[in-house]
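Since the structure comes first, as structure tokens, the remarks are kept for the end.
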Amino acid sequence: MAYVDMLKTFVRVYELGSMSAAARDLRVSAAVSSSRISDLEKSLGVRLFNRTTRSLRATAHGELFYKGAIKILDTIREVEGGIAEITAQPKGTLFISAPLALGKKLVAPLIPAFKAEYPDINVRLRLSDRKVDIAQEGLDAAFVLGPLPDSDLRVRAIHDFERLLVASPGYVKKHGMPNSGDEIISEKHKCLLLRYPGATEFYWNLLVDGEVRGFHPEGSLESDDGDVLTAWALADCGIASKTRYDVAAELDAGRLVEVASATPQTQQPFSCLYPHKRLQDPKVKLFIDHVIKGIRSEIDRAAALTSSGKI
């Protein structure tokens, strides 16, 4: 398996653009990662990367080899998956991503039961509210909140979350209750913004007379963690855009209230994305089916506990 390890290391170095990042991803030392690349280059008789103290970039040979290496590793995965299906003993590692808040509340709690049923499957869950590149990051599946871009990825729809703008009673008492998106902008309300590196547009989609309009909120507080925005809203710092599921307890307890209800936000789909080939691997299908079933059950349970009866 030494050559396969070299291929895996090469692919991750190519995709992440960093020897150390690839080493962390593969759970090996930087020295091992570098050694594997050097051994692979010696075996091929060509240089795969041009290295400087500040950058690492694939050579023309590296670009060509990457395309072949991906095909080889995909073939190995398919063969291993076929064997696992026959023996009913799926094994290997799954790379999964999910948004922070929903990942913590909906995805992560379902993994222990999955692991207990399939002890030979390892799961690496990455939680982040930034947009992920499934192919570039080598993910088997990504749970995504929000509109989906056009792509060749397969989609499993899970639930359409109601989204709303919320603030604390303390904030409303001090700054007033905006009834619409226009009032939020015109009255210069303080908005709490979810922003992450690499994002280019920031706006709230609100329904105005049945039509979707984009509003560009302004505020001096922003974070790439949705839970931080909730904490700031509770601390009277401003208006945040949240799913009803995320703040259901705070709404029922009166710690947060809905604002700008005359121009509600559009619903936000929660979906699972995965490359078509990945579902040919039994462990990927088993994981996706397990998690989606569990999420839907939890959403139904949570909705039944709210005063509104919806999430």
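Going by the structure tokens order, chains are called A, B, ..., each with residues numbered from 1, while ligands are numbered from 1 in the order shown.
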Worksheet item: Ser180 in chain A: which residues within 8 Å, counting only C-alpha atoms, same-chain residues fewer than 6 positions away excluded, as a ChimeraX atom specification?
Response: /A:259-263
For range 89-135 of chain A against range 239-251 of chain A, with a cut-off of 10 Å and counting only C-alpha atoms, what is the closest atom pair and its distance in Å to one decimal for every residue that makes the cut, ordered by chain and number, as JSON lines?
{"residue": "A:Ala101", "atom": "CA", "partner": "A:Asp246", "partner_atom": "CA", "distance": 7.3}
{"residue": "A:Leu102", "atom": "CA", "partner": "A:Asp246", "partner_atom": "CA", "distance": 7.6}
{"residue": "A:Lys105", "atom": "CA", "partner": "A:Asp246", "partner_atom": "CA", "distance": 8.8}
Dump of N, CA and C atoms for the selected residues, as an mmCIF file, in the first residue's frame:
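Done, and the output landed in again.cif:
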data_model
loop_
_atom_site.group_PDB
_atom_site.id
_atom_site.type_symbol
_atom_site.label_atom_id
_atom_site.label_comp_id
_atom_site.auth_asym_id
_atom_site.auth_seq_id
_atom_site.Cartn_x
_atom_site.Cartn_y
_atom_site.Cartn_z
ATOM 1 N N ALA A 101 -23.829 25.380 13.415
ATOM 2 C CA ALA A 101 -24.927 25.191 14.352
ATOM 3 C C ALA A 101 -25.711 23.920 14.050
ATOM 4 N N LEU A 102 -26.120 23.751 12.795
ATOM 5 C CA LEU A 102 -26.906 22.570 12.448
ATOM 6 C C LEU A 102 -26.049 21.308 12.492
ATOM 7 N N LYS A 105 -26.024 20.370 16.185
ATOM 8 C CA LYS A 105 -27.316 19.956 16.724
ATOM 9 C C LYS A 105 -27.930 18.760 16.008
#
Response to the item:
Students should find that CA of Ala253 in chain A and CA of His189 in chain A are spaced 23.6 Å
Practice prompt. Choose the residue, out of A:Leu286, A:Leu127, A:Ala98, A:Leu206, that has the smallest atom-to-atom separation from Leu165 in chain A; count only C-alpha atoms.
Written response: A:Leu206
Practice prompt. Name the closest residue to Ala142 in chain A among the candidates A:Val4, A:Ala304, A:Ala30, A:Ile96; distances are taken between atoms, counting only C-alpha atoms.
Written response: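 Smallest separation from Ala142 in chain A among the options: A:Ile96.
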Worksheet entry | Every residue of range 115-150 of chain A that DSSP places in strand (DSSP E or B), as a list in words |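 DSSP-assigned strand (DSSP E or B) residues in range 115-150 of chain A: Ile121, Asn122, Val123, Arg124, Leu125, Arg126, Leu127, Ala141, Ala142, Phe143, Val144 and Leu145 of chain A.
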